[in-house]
Structure formats: structure tokens, C-alpha cells
>>> print(open('query_3.cif').read())   # mmCIF, N, CA and C atoms and all ligand atoms
data_work
loop_
_atom_site.label_atom_id
_atom_site.label_comp_id
_atom_site.auth_asym_id
_atom_site.auth_seq_id
_atom_site.Cartn_x
_atom_site.Cartn_y
_atom_site.Cartn_z
N MET A 1 -9.09 -103.05 104.88
CA MET A 1 -9.33 -103.49 103.50
C MET A 1 -8.58 -102.63 102.49
N SER A 2 -8.89 -101.35 102.57
CA SER A 2 -8.28 -100.47 101.57
C SER A 2 -6.77 -100.42 101.73
N LEU A 3 -6.31 -100.63 102.95
CA LEU A 3 -4.85 -100.64 103.16
C LEU A 3 -4.22 -101.82 102.41
N ILE A 4 -4.90 -102.97 102.48
CA ILE A 4 -4.38 -104.15 101.80
C ILE A 4 -4.38 -103.92 100.28
N LEU A 5 -5.43 -103.32 99.80
CA LEU A 5 -5.49 -103.00 98.37
C LEU A 5 -4.33 -102.09 97.98
N CYS A 6 -4.13 -101.14 98.86
CA CYS A 6 -3.08 -100.16 98.62
C CYS A 6 -1.72 -100.85 98.57
N ILE A 7 -1.50 -101.76 99.50
CA ILE A 7 -0.23 -102.49 99.53
C ILE A 7 -0.08 -103.33 98.27
N LYS A 8 -1.18 -103.99 97.89
CA LYS A 8 -1.13 -104.83 96.68
C LYS A 8 -0.76 -103.99 95.46
N ARG A 9 -1.39 -102.82 95.38
CA ARG A 9 -1.11 -101.96 94.23
C ARG A 9 0.35 -101.51 94.25
N PHE A 10 0.79 -101.18 95.43
CA PHE A 10 2.17 -100.73 95.59
C PHE A 10 3.14 -101.82 95.12
N LEU A 11 2.86 -103.06 95.56
CA LEU A 11 3.72 -104.17 95.16
C LEU A 11 3.68 -104.37 93.66
N PHE A 12 2.46 -104.29 93.12
CA PHE A 12 2.30 -104.49 91.68
C PHE A 12 3.10 -103.46 90.89
N VAL A 13 2.91 -102.21 91.27
CA VAL A 13 3.62 -101.13 90.57
C VAL A 13 5.13 -101.33 90.72
N GLY A 14 5.52 -101.69 91.94
CA GLY A 14 6.94 -101.90 92.19
C GLY A 14 7.53 -102.98 91.30
N LEU A 15 6.83 -104.09 91.20
CA LEU A 15 7.36 -105.21 90.43
C LEU A 15 7.35 -104.95 88.94
N VAL A 16 6.27 -104.32 88.48
CA VAL A 16 6.12 -104.16 87.04
C VAL A 16 6.90 -102.97 86.51
N VAL A 17 6.90 -101.90 87.26
CA VAL A 17 7.45 -100.65 86.72
C VAL A 17 8.94 -100.50 87.01
N THR A 18 9.38 -101.03 88.14
CA THR A 18 10.78 -100.80 88.53
C THR A 18 11.81 -101.13 87.45
N PRO A 19 11.68 -102.26 86.75
CA PRO A 19 12.72 -102.54 85.76
C PRO A 19 12.84 -101.46 84.69
N PHE A 20 11.75 -100.75 84.43
CA PHE A 20 11.79 -99.74 83.37
C PHE A 20 12.28 -98.39 83.86
N ILE A 21 12.05 -98.12 85.14
CA ILE A 21 12.46 -96.79 85.61
C ILE A 21 13.79 -96.83 86.37
N SER A 22 14.35 -98.03 86.55
CA SER A 22 15.58 -98.04 87.33
C SER A 22 16.68 -97.36 86.51
N SER A 23 17.07 -96.22 86.95
CA SER A 23 18.08 -95.45 86.23
C SER A 23 19.36 -95.47 87.04
N ALA A 24 20.39 -94.87 86.46
CA ALA A 24 21.68 -94.83 87.12
C ALA A 24 21.57 -94.14 88.49
N GLU A 25 20.64 -93.21 88.62
CA GLU A 25 20.50 -92.47 89.88
C GLU A 25 20.15 -93.41 91.03
N GLU A 26 19.53 -94.55 90.71
CA GLU A 26 19.06 -95.43 91.77
C GLU A 26 20.04 -96.55 92.09
N MET A 27 21.24 -96.46 91.56
CA MET A 27 22.22 -97.50 91.84
C MET A 27 22.59 -97.49 93.32
N THR A 28 22.86 -98.66 93.83
CA THR A 28 23.38 -98.71 95.20
C THR A 28 24.85 -98.31 95.12
N PRO A 29 25.43 -97.92 96.25
CA PRO A 29 26.86 -97.58 96.24
C PRO A 29 27.72 -98.74 95.73
N GLU A 30 27.33 -99.98 96.10
CA GLU A 30 28.11 -101.14 95.65
C GLU A 30 28.05 -101.28 94.14
N GLN A 31 26.84 -101.07 93.58
CA GLN A 31 26.69 -101.18 92.12
C GLN A 31 27.51 -100.10 91.41
N GLN A 32 27.44 -98.89 91.94
CA GLN A 32 28.17 -97.80 91.29
C GLN A 32 29.67 -98.06 91.35
N PHE A 33 30.13 -98.62 92.46
CA PHE A 33 31.55 -98.94 92.60
C PHE A 33 31.96 -99.97 91.55
N GLU A 34 31.13 -101.02 91.38
CA GLU A 34 31.45 -102.07 90.41
C GLU A 34 31.41 -101.53 88.98
N ILE A 35 30.42 -100.70 88.69
CA ILE A 35 30.32 -100.12 87.35
C ILE A 35 31.51 -99.21 87.09
N GLY A 36 31.85 -98.42 88.09
CA GLY A 36 33.02 -97.54 87.96
C GLY A 36 34.29 -98.34 87.73
N LYS A 37 34.38 -99.46 88.42
CA LYS A 37 35.57 -100.32 88.30
C LYS A 37 35.69 -100.86 86.87
N GLN A 38 34.55 -101.29 86.30
CA GLN A 38 34.56 -101.77 84.91
C GLN A 38 35.00 -100.67 83.96
N LYS A 39 34.42 -99.49 84.16
CA LYS A 39 34.74 -98.36 83.27
C LYS A 39 36.20 -97.93 83.44
N ALA A 40 36.77 -98.22 84.60
CA ALA A 40 38.13 -97.76 84.89
C ALA A 40 39.20 -98.66 84.28
N LEU A 41 38.78 -99.75 83.62
CA LEU A 41 39.79 -100.68 83.09
C LEU A 41 40.78 -99.98 82.17
N VAL A 42 40.30 -98.99 81.40
CA VAL A 42 41.22 -98.29 80.49
C VAL A 42 42.12 -97.31 81.24
N CYS A 43 41.73 -96.94 82.43
CA CYS A 43 42.47 -95.91 83.19
C CYS A 43 43.60 -96.50 84.00
N ILE A 44 43.46 -97.78 84.36
CA ILE A 44 44.34 -98.31 85.40
C ILE A 44 45.76 -98.58 84.90
N THR A 45 45.96 -98.65 83.59
CA THR A 45 47.32 -98.81 83.11
C THR A 45 48.17 -97.62 83.57
N CYS A 46 47.58 -96.46 83.62
CA CYS A 46 48.34 -95.28 84.05
C CYS A 46 48.11 -94.93 85.52
N HIS A 47 46.87 -95.05 85.98
CA HIS A 47 46.57 -94.57 87.34
C HIS A 47 46.58 -95.68 88.39
N GLY A 48 46.76 -96.93 87.96
CA GLY A 48 46.78 -98.04 88.92
C GLY A 48 45.37 -98.52 89.23
N ALA A 49 45.22 -99.85 89.45
CA ALA A 49 43.89 -100.43 89.72
C ALA A 49 43.30 -99.84 91.00
N ASP A 50 44.17 -99.48 91.93
CA ASP A 50 43.69 -98.90 93.18
C ASP A 50 43.85 -97.38 93.18
N GLY A 51 44.08 -96.83 92.00
CA GLY A 51 44.18 -95.37 91.91
C GLY A 51 45.51 -94.83 92.38
N ILE A 52 46.46 -95.73 92.63
CA ILE A 52 47.82 -95.29 93.00
C ILE A 52 48.72 -95.58 91.80
N SER A 53 49.22 -94.54 91.20
CA SER A 53 49.99 -94.68 89.97
C SER A 53 51.41 -95.16 90.26
N ALA A 54 51.94 -95.94 89.32
CA ALA A 54 53.30 -96.46 89.49
C ALA A 54 54.31 -95.54 88.82
N THR A 55 53.83 -94.48 88.18
CA THR A 55 54.70 -93.59 87.42
C THR A 55 54.69 -92.21 88.06
N GLU A 56 55.85 -91.65 88.25
CA GLU A 56 55.97 -90.35 88.92
C GLU A 56 55.17 -89.23 88.26
N THR A 57 55.04 -89.29 86.94
CA THR A 57 54.37 -88.19 86.24
C THR A 57 52.86 -88.41 86.08
N TYR A 58 52.35 -89.54 86.56
CA TYR A 58 50.91 -89.80 86.49
C TYR A 58 50.32 -89.66 87.89
N PRO A 59 49.28 -88.87 88.04
CA PRO A 59 48.78 -88.60 89.41
C PRO A 59 48.03 -89.77 90.04
N ASN A 60 48.08 -89.83 91.36
CA ASN A 60 47.23 -90.75 92.13
C ASN A 60 45.81 -90.22 92.13
N LEU A 61 44.84 -91.12 92.08
CA LEU A 61 43.44 -90.69 92.13
C LEU A 61 42.74 -91.23 93.38
N GLN A 62 43.35 -92.20 94.03
CA GLN A 62 42.71 -92.83 95.19
C GLN A 62 42.35 -91.79 96.26
N GLY A 63 41.12 -91.87 96.71
CA GLY A 63 40.70 -91.02 97.81
C GLY A 63 40.45 -89.57 97.45
N GLN A 64 40.62 -89.24 96.18
CA GLN A 64 40.37 -87.84 95.76
C GLN A 64 38.87 -87.54 95.84
N LYS A 65 38.54 -86.29 96.02
CA LYS A 65 37.13 -85.88 96.10
C LYS A 65 36.43 -86.14 94.76
N GLN A 66 35.21 -86.67 94.86
CA GLN A 66 34.47 -87.01 93.63
C GLN A 66 34.23 -85.80 92.74
N GLN A 67 33.80 -84.71 93.35
CA GLN A 67 33.48 -83.54 92.52
C GLN A 67 34.71 -83.00 91.83
N TYR A 68 35.85 -83.09 92.50
CA TYR A 68 37.09 -82.63 91.89
C TYR A 68 37.43 -83.50 90.68
N LEU A 69 37.28 -84.83 90.84
CA LEU A 69 37.59 -85.75 89.74
C LEU A 69 36.69 -85.48 88.54
N VAL A 70 35.39 -85.30 88.81
CA VAL A 70 34.46 -85.02 87.72
C VAL A 70 34.84 -83.70 87.03
N ALA A 71 35.16 -82.69 87.83
CA ALA A 71 35.52 -81.39 87.25
C ALA A 71 36.78 -81.50 86.41
N ALA A 72 37.75 -82.29 86.89
CA ALA A 72 38.98 -82.46 86.13
C ALA A 72 38.70 -83.15 84.80
N LEU A 73 37.87 -84.20 84.85
CA LEU A 73 37.55 -84.93 83.61
C LEU A 73 36.83 -84.03 82.62
N LYS A 74 35.90 -83.22 83.14
CA LYS A 74 35.19 -82.29 82.25
C LYS A 74 36.16 -81.30 81.63
N ALA A 75 37.10 -80.84 82.43
CA ALA A 75 38.07 -79.85 81.93
C ALA A 75 38.92 -80.46 80.81
N TYR A 76 39.29 -81.73 80.94
CA TYR A 76 40.04 -82.38 79.85
C TYR A 76 39.14 -82.51 78.62
N LYS A 77 37.90 -82.95 78.86
CA LYS A 77 36.98 -83.16 77.74
C LYS A 77 36.76 -81.86 76.96
N GLN A 78 36.64 -80.77 77.71
CA GLN A 78 36.37 -79.47 77.06
C GLN A 78 37.65 -78.73 76.68
N ASN A 79 38.77 -79.45 76.72
CA ASN A 79 40.07 -78.86 76.37
C ASN A 79 40.40 -77.61 77.17
N GLN A 80 39.95 -77.59 78.44
CA GLN A 80 40.33 -76.47 79.32
C GLN A 80 41.62 -76.78 80.06
N ARG A 81 41.95 -78.03 80.16
CA ARG A 81 43.25 -78.41 80.72
C ARG A 81 44.10 -78.85 79.55
N VAL A 82 45.11 -78.07 79.28
CA VAL A 82 45.91 -78.35 78.08
C VAL A 82 47.41 -78.41 78.35
N ASP A 83 47.81 -78.02 79.57
CA ASP A 83 49.25 -77.96 79.85
C ASP A 83 49.85 -79.35 80.03
N GLY A 84 51.13 -79.39 79.97
CA GLY A 84 51.89 -80.59 80.35
C GLY A 84 51.39 -81.86 79.69
N LEU A 85 51.04 -82.82 80.53
CA LEU A 85 50.61 -84.13 80.03
C LEU A 85 49.10 -84.22 79.82
N ALA A 86 48.42 -83.09 79.88
CA ALA A 86 46.96 -83.09 79.72
C ALA A 86 46.54 -83.75 78.42
N ILE A 87 47.41 -83.66 77.44
CA ILE A 87 47.07 -84.24 76.14
C ILE A 87 46.81 -85.74 76.26
N LEU A 88 47.50 -86.38 77.22
CA LEU A 88 47.27 -87.82 77.44
C LEU A 88 45.84 -88.07 77.88
N MET A 89 45.29 -87.17 78.66
CA MET A 89 43.96 -87.34 79.23
C MET A 89 42.85 -86.93 78.27
N GLN A 90 43.12 -85.97 77.42
CA GLN A 90 42.05 -85.45 76.56
C GLN A 90 41.42 -86.55 75.73
N GLY A 91 42.25 -87.43 75.20
CA GLY A 91 41.74 -88.52 74.36
C GLY A 91 40.82 -89.45 75.13
N TYR A 92 41.16 -89.67 76.42
CA TYR A 92 40.33 -90.58 77.22
C TYR A 92 39.06 -89.88 77.69
N ALA A 93 39.16 -88.60 77.98
CA ALA A 93 38.01 -87.88 78.55
C ALA A 93 36.96 -87.55 77.50
N LYS A 94 37.37 -87.43 76.25
CA LYS A 94 36.42 -86.91 75.26
C LYS A 94 35.24 -87.85 75.02
N ASP A 95 35.43 -89.14 75.25
CA ASP A 95 34.34 -90.09 75.02
C ASP A 95 33.50 -90.37 76.27
N LEU A 96 33.84 -89.74 77.39
CA LEU A 96 33.12 -90.03 78.63
C LEU A 96 31.83 -89.21 78.73
N SER A 97 30.74 -89.89 79.12
CA SER A 97 29.48 -89.18 79.39
C SER A 97 29.53 -88.64 80.83
N ASP A 98 28.58 -87.80 81.18
CA ASP A 98 28.51 -87.29 82.56
C ASP A 98 28.40 -88.45 83.54
N GLN A 99 27.60 -89.46 83.17
CA GLN A 99 27.43 -90.62 84.05
C GLN A 99 28.73 -91.40 84.20
N ASP A 100 29.46 -91.56 83.07
CA ASP A 100 30.76 -92.25 83.15
C ASP A 100 31.67 -91.53 84.14
N MET A 101 31.68 -90.21 84.04
CA MET A 101 32.57 -89.43 84.93
C MET A 101 32.19 -89.62 86.39
N LYS A 102 30.88 -89.63 86.66
CA LYS A 102 30.43 -89.82 88.05
C LYS A 102 30.83 -91.20 88.55
N ASP A 103 30.64 -92.22 87.70
CA ASP A 103 30.95 -93.60 88.11
C ASP A 103 32.45 -93.76 88.34
N LEU A 104 33.23 -93.20 87.42
CA LEU A 104 34.69 -93.29 87.55
C LEU A 104 35.16 -92.55 88.80
N ALA A 105 34.59 -91.37 89.01
CA ALA A 105 34.96 -90.57 90.18
C ALA A 105 34.58 -91.32 91.46
N TYR A 106 33.42 -91.96 91.44
CA TYR A 106 32.98 -92.71 92.62
C TYR A 106 33.98 -93.83 92.91
N TYR A 107 34.37 -94.53 91.85
CA TYR A 107 35.31 -95.64 92.02
C TYR A 107 36.64 -95.16 92.60
N PHE A 108 37.25 -94.19 91.94
CA PHE A 108 38.59 -93.78 92.37
C PHE A 108 38.56 -93.08 93.73
N SER A 109 37.45 -92.45 94.04
CA SER A 109 37.34 -91.79 95.33
C SER A 109 37.25 -92.80 96.47
N ASN A 110 36.63 -93.95 96.19
CA ASN A 110 36.37 -94.93 97.24
C ASN A 110 37.29 -96.15 97.25
N VAL A 111 38.04 -96.33 96.17
CA VAL A 111 38.86 -97.55 96.09
C VAL A 111 39.95 -97.52 97.17
N LYS A 112 40.24 -98.72 97.69
CA LYS A 112 41.30 -98.83 98.71
C LYS A 112 42.36 -99.78 98.17
N THR A 113 43.55 -99.65 98.66
CA THR A 113 44.60 -100.59 98.28
C THR A 113 44.37 -101.90 99.02
N ASP A 114 44.38 -103.00 98.25
CA ASP A 114 44.16 -104.31 98.84
C ASP A 114 45.48 -104.79 99.46
N THR A 115 45.57 -104.69 100.76
CA THR A 115 46.83 -105.04 101.43
C THR A 115 46.94 -106.53 101.70
N THR A 116 45.83 -107.27 101.44
CA THR A 116 45.89 -108.71 101.72
C THR A 116 46.58 -109.48 100.60
N HIS A 117 46.55 -108.94 99.37
CA HIS A 117 47.17 -109.65 98.25
C HIS A 117 48.26 -108.81 97.60
N GLN A 118 49.03 -108.14 98.38
CA GLN A 118 50.01 -107.26 97.76
C GLN A 118 51.17 -108.05 97.17
N SER A 119 51.50 -107.76 95.90
CA SER A 119 52.53 -108.54 95.24
C SER A 119 53.91 -107.90 95.38
N GLN A 120 53.95 -106.59 95.67
CA GLN A 120 55.29 -105.98 95.74
C GLN A 120 55.99 -106.34 97.04
C1 LIG A 201 48.10 -92.89 79.11
C2 LIG A 201 48.02 -92.74 80.55
C3 LIG A 201 46.67 -92.32 81.13
C4 LIG A 201 45.47 -92.96 81.00
C5 LIG A 201 45.15 -94.25 80.23
C6 LIG A 201 44.53 -92.21 81.80
N1 LIG A 201 45.15 -91.17 82.39
FE1 LIG A 201 44.30 -89.82 83.68
N2 LIG A 201 46.01 -88.76 83.72
C7 LIG A 201 47.20 -89.11 83.08
C8 LIG A 201 48.18 -88.05 83.26
C9 LIG A 201 49.60 -88.04 82.74
C10 LIG A 201 47.53 -87.03 84.00
C11 LIG A 201 48.08 -85.66 84.41
C12 LIG A 201 47.74 -84.74 83.24
C13 LIG A 201 47.99 -83.28 83.51
O1 LIG A 201 49.14 -82.89 83.68
O2 LIG A 201 46.99 -82.53 83.52
C14 LIG A 201 46.18 -87.53 84.29
C15 LIG A 201 45.25 -86.83 85.03
C16 LIG A 201 44.02 -87.32 85.39
C17 LIG A 201 43.10 -86.67 86.29
C18 LIG A 201 43.33 -85.34 87.01
C19 LIG A 201 43.98 -85.64 88.33
C20 LIG A 201 44.19 -84.40 89.15
O3 LIG A 201 44.66 -84.53 90.29
O4 LIG A 201 43.93 -83.28 88.69
C21 LIG A 201 42.01 -87.46 86.38
C22 LIG A 201 40.77 -87.21 87.21
C23 LIG A 201 42.24 -88.62 85.54
N3 LIG A 201 43.48 -88.50 84.97
C24 LIG A 201 41.35 -89.65 85.37
C25 LIG A 201 41.50 -90.65 84.43
C26 LIG A 201 40.46 -91.59 84.09
C27 LIG A 201 39.09 -91.64 84.74
C28 LIG A 201 40.95 -92.38 83.10
C29 LIG A 201 40.25 -93.47 82.33
C30 LIG A 201 39.04 -93.06 81.64
C31 LIG A 201 42.33 -91.95 82.84
N4 LIG A 201 42.60 -90.90 83.67
C32 LIG A 201 43.18 -92.54 81.94
C33 LIG A 201 47.45 -90.29 82.39
C34 LIG A 201 46.47 -91.18 82.01
#
>>> encode(input="query_3.cif", output="C-alpha cells")
Amino acid sequence: MSLILCIKRFLFVGLVVTPFISSAEEMTPEQQFEIGKQKALVCITCHGADGISATETYPNLQGQKQQYLVAALKAYKQNQRVDGLAILMQGYAKDLSDQDMKDLAYYFSNVKTDTTHQSQ
């Protein structure tokens, strides 16, 4: 009896409360990838949709470690990376939240080149 009550309560709490407490931390990997992809729309002109840049002076991001990407973005945001072409990145990094950086890093770290529809 009490087990059934317990299950009912669990279901009730789950259904009613989940929409309010679902935070970015609870995203599935697929959701985070899609969100990162959306946020990356401004980045791909330089870094490529698959994180492989078409320009020699713009770095590839595909497959890079997530923590490294987040650290690099923070460094641009905090004007700790200032050499060379860093100025190009500072403008983009300054508006990114910590969550944006995590999502973007997740995307570029996991994105693969789509070899089935390659146009080149
Ligand atoms: C106008 C072109 C341009 C755009 C747009 C751009 N980047 Fe960059 N990005 C660069 C260049 C150039 C560098 C190398 C800068 C340097 O020398 O530090 C760079 C460096 C980086 C690095 C460091 C890579 C490493 O190996 O250290 C990261 C991470 C990065 N960009 C992420 C992003 C993200 C995320 C966005 C979108 C929010 C973005 N970039 C938008 C041109 C661009």
C-alpha cells in the first residue's frame, strides 16, 4: 500500500515539479549538442560548421578538449589572451555566459565532419 502511495507521490512530484527545476545541468548530451550548435551559428563563419576552419589563421576546434575550449573563451572574455588575432575573439567572447561557453565547448568538442554530404 504505502509503496503505491510512494510511487504515486513520486510521479506527481515528477510531473508537476520537473518543468520548473529542469536546468541546463539536466540536459541530455543530445540536447546540449543541439543547443551548442545553435549558439555556434556566429562562430562557424570563421571556425567552420564542423569546427574545421577554412582559413589558415583561424584555428580548428573540432575534437578539442572541452575544458580547454572553455578556458580559452574565458581568457578572451577576461582579456587575458591579447596577442595576434585574439582581438577577433574578444568581441565574441565578451557576451558569452559560463553556460554558453560550456554548450559551445560541448558542441565543438563532439562535432564530426559529415562525410556523407561533402560538397568539396
Ligand atoms: C571573425 C572570425 C571568428 C569568429 C566569428 C569566431 N572566432 Fe574563435 N577564433 C578566431 C581566431 C582568429 C582565433 C585565434 C585567435 C588567437 O590568436 O588567439 C580564434 C580562437 C578561438 C579559440 C581558441 C582556440 C585555441 O586553440 O586556443 C576558441 C575556443 C574559439 N575561437 C571559439 C570561438 C567561438 C565559440 C566562437 C563563437 C562564439 C568564435 N570562436 C567565433 C576567429 C573567430
>>> atom_distance(input="query_3.cif", atom1="CA of Val42 in chain A", atom2="atom C26 of ligand LIG 201 (chain A)")
7.6 Å
>>> closest_atom_pairs(input="query_3.cif", of="chain A", to="ligand LIG 201 (chain A)", cutoff="6 Å", atoms="only N, CA and C atoms and all ligand atoms", output="JSON lines")
{"residue": "A:Lys39", "atom": "C", "partner": "A:LIG201", "partner_atom": "C30", "distance": 5.9}
{"residue": "A:Ala40", "atom": "CA", "partner": "A:LIG201", "partner_atom": "C29", "distance": 5.4}
{"residue": "A:Val42", "atom": "C", "partner": "A:LIG201", "partner_atom": "C29", "distance": 4.4}
{"residue": "A:Cys43", "atom": "CA", "partner": "A:LIG201", "partner_atom": "C29", "distance": 3.4}
{"residue": "A:Ile44", "atom": "N", "partner": "A:LIG201", "partner_atom": "C5", "distance": 5.7}
{"residue": "A:Thr45", "atom": "N", "partner": "A:LIG201", "partner_atom": "C5", "distance": 5.6}
{"residue": "A:Cys46", "atom": "CA", "partner": "A:LIG201", "partner_atom": "C2", "distance": 4.3}
{"residue": "A:His47", "atom": "N", "partner": "A:LIG201", "partner_atom": "C34", "distance": 5.6}
{"residue": "A:Thr57", "atom": "C", "partner": "A:LIG201", "partner_atom": "C9", "distance": 4.7}
{"residue": "A:Tyr58", "atom": "CA", "partner": "A:LIG201", "partner_atom": "C9", "distance": 4.3}
{"residue": "A:Pro59", "atom": "N", "partner": "A:LIG201", "partner_atom": "C10", "distance": 4.8}
{"residue": "A:Leu69", "atom": "CA", "partner": "A:LIG201", "partner_atom": "C22", "distance": 4.3}
{"residue": "A:Val70", "atom": "N", "partner": "A:LIG201", "partner_atom": "C22", "distance": 5.9}
{"residue": "A:Ala72", "atom": "C", "partner": "A:LIG201", "partner_atom": "C22", "distance": 5.2}
{"residue": "A:Leu73", "atom": "N", "partner": "A:LIG201", "partner_atom": "C22", "distance": 4.8}
{"residue": "A:Asp83", "atom": "C", "partner": "A:LIG201", "partner_atom": "O1", "distance": 5.1}
{"residue": "A:Gly84", "atom": "C", "partner": "A:LIG201", "partner_atom": "O1", "distance": 4.7}
{"residue": "A:Leu85", "atom": "N", "partner": "A:LIG201", "partner_atom": "O1", "distance": 3.7}
{"residue": "A:Ala86", "atom": "N", "partner": "A:LIG201", "partner_atom": "C13", "distance": 3.7}
{"residue": "A:Ile87", "atom": "N", "partner": "A:LIG201", "partner_atom": "C12", "distance": 5.9}
{"residue": "A:Leu88", "atom": "C", "partner": "A:LIG201", "partner_atom": "C34", "distance": 5.2}
{"residue": "A:Met89", "atom": "CA", "partner": "A:LIG201", "partner_atom": "FE1", "distance": 5.1}
{"residue": "A:Tyr92", "atom": "C", "partner": "A:LIG201", "partner_atom": "C30", "distance": 5.1}
{"residue": "A:Ala93", "atom": "N", "partner": "A:LIG201", "partner_atom": "C30", "distance": 5.8}
{"residue": "A:Leu104", "atom": "CA", "partner": "A:LIG201", "partner_atom": "C27", "distance": 5.5}
>>> write_last_selection(input="query_3.cif", atoms="N, CA and C atoms", output="mmCIF file, in the coordinates of the input")
data_model
loop_
_atom_site.group_PDB
_atom_site.id
_atom_site.type_symbol
_atom_site.label_atom_id
_atom_site.label_comp_id
_atom_site.auth_asym_id
_atom_site.auth_seq_id
_atom_site.Cartn_x
_atom_site.Cartn_y
_atom_site.Cartn_z
ATOM 1 N N LYS A 39 34.420 -99.490 84.160
ATOM 2 C CA LYS A 39 34.740 -98.360 83.270
ATOM 3 C C LYS A 39 36.200 -97.930 83.440
ATOM 4 N N ALA A 40 36.770 -98.220 84.600
ATOM 5 C CA ALA A 40 38.130 -97.760 84.890
ATOM 6 C C ALA A 40 39.200 -98.660 84.280
ATOM 7 N N VAL A 42 40.300 -98.990 81.400
ATOM 8 C CA VAL A 42 41.220 -98.290 80.490
ATOM 9 C C VAL A 42 42.120 -97.310 81.240
ATOM 10 N N CYS A 43 41.730 -96.940 82.430
ATOM 11 C CA CYS A 43 42.470 -95.910 83.190
ATOM 12 C C CYS A 43 43.600 -96.500 84.000
ATOM 13 N N ILE A 44 43.460 -97.780 84.360
ATOM 14 C CA ILE A 44 44.340 -98.310 85.400
ATOM 15 C C ILE A 44 45.760 -98.580 84.900
ATOM 16 N N THR A 45 45.960 -98.650 83.590
ATOM 17 C CA THR A 45 47.320 -98.810 83.110
ATOM 18 C C THR A 45 48.170 -97.620 83.570
ATOM 19 N N CYS A 46 47.580 -96.460 83.620
ATOM 20 C CA CYS A 46 48.340 -95.280 84.050
ATOM 21 C C CYS A 46 48.110 -94.930 85.520
ATOM 22 N N HIS A 47 46.870 -95.050 85.980
ATOM 23 C CA HIS A 47 46.570 -94.570 87.340
ATOM 24 C C HIS A 47 46.580 -95.680 88.390
ATOM 25 N N THR A 57 55.040 -89.290 86.940
ATOM 26 C CA THR A 57 54.370 -88.190 86.240
ATOM 27 C C THR A 57 52.860 -88.410 86.080
ATOM 28 N N TYR A 58 52.350 -89.540 86.560
ATOM 29 C CA TYR A 58 50.910 -89.800 86.490
ATOM 30 C C TYR A 58 50.320 -89.660 87.890
ATOM 31 N N PRO A 59 49.280 -88.870 88.040
ATOM 32 C CA PRO A 59 48.780 -88.600 89.410
ATOM 33 C C PRO A 59 48.030 -89.770 90.040
ATOM 34 N N LEU A 69 37.280 -84.830 90.840
ATOM 35 C CA LEU A 69 37.590 -85.750 89.740
ATOM 36 C C LEU A 69 36.690 -85.480 88.540
ATOM 37 N N VAL A 70 35.390 -85.300 88.810
ATOM 38 C CA VAL A 70 34.460 -85.020 87.720
ATOM 39 C C VAL A 70 34.840 -83.700 87.030
ATOM 40 N N ALA A 72 37.750 -82.290 86.890
ATOM 41 C CA ALA A 72 38.980 -82.460 86.130
ATOM 42 C C ALA A 72 38.700 -83.150 84.800
ATOM 43 N N LEU A 73 37.870 -84.200 84.850
ATOM 44 C CA LEU A 73 37.550 -84.930 83.610
ATOM 45 C C LEU A 73 36.830 -84.030 82.620
ATOM 46 N N ASP A 83 47.810 -78.020 79.570
ATOM 47 C CA ASP A 83 49.250 -77.960 79.850
ATOM 48 C C ASP A 83 49.850 -79.350 80.030
ATOM 49 N N GLY A 84 51.130 -79.390 79.970
ATOM 50 C CA GLY A 84 51.890 -80.590 80.350
ATOM 51 C C GLY A 84 51.390 -81.860 79.690
ATOM 52 N N LEU A 85 51.040 -82.820 80.530
ATOM 53 C CA LEU A 85 50.610 -84.130 80.030
ATOM 54 C C LEU A 85 49.100 -84.220 79.820
ATOM 55 N N ALA A 86 48.420 -83.090 79.880
ATOM 56 C CA ALA A 86 46.960 -83.090 79.720
ATOM 57 C C ALA A 86 46.540 -83.750 78.420
ATOM 58 N N ILE A 87 47.410 -83.660 77.440
ATOM 59 C CA ILE A 87 47.070 -84.240 76.140
ATOM 60 C C ILE A 87 46.810 -85.740 76.260
ATOM 61 N N LEU A 88 47.500 -86.380 77.220
ATOM 62 C CA LEU A 88 47.270 -87.820 77.440
ATOM 63 C C LEU A 88 45.840 -88.070 77.880
ATOM 64 N N MET A 89 45.290 -87.170 78.660
ATOM 65 C CA MET A 89 43.960 -87.340 79.230
ATOM 66 C C MET A 89 42.850 -86.930 78.270
ATOM 67 N N TYR A 92 41.160 -89.670 76.420
ATOM 68 C CA TYR A 92 40.330 -90.580 77.220
ATOM 69 C C TYR A 92 39.060 -89.880 77.690
ATOM 70 N N ALA A 93 39.160 -88.600 77.980
ATOM 71 C CA ALA A 93 38.010 -87.880 78.550
ATOM 72 C C ALA A 93 36.960 -87.550 77.500
ATOM 73 N N LEU A 104 33.230 -93.200 87.420
ATOM 74 C CA LEU A 104 34.690 -93.290 87.550
ATOM 75 C C LEU A 104 35.160 -92.550 88.800
#
>>> atom_distance(input="query_3.cif", atom1="CA of Lys94 in chain A", atom2="atom C of Ala75 in chain A")
8.9 Å
>>> select_by_dssp(input="query_3.cif", residues="range 63-106 of chain A", states="helix (DSSP H, G or I)", output="number ranges by chain")
A: 66-77, 86-93, 98-106
>>> atom_distance(input="query_3.cif", atom1="atom N of Asp95 in chain A", atom2="atom C of Ala54 in chain A")
24.1 Å
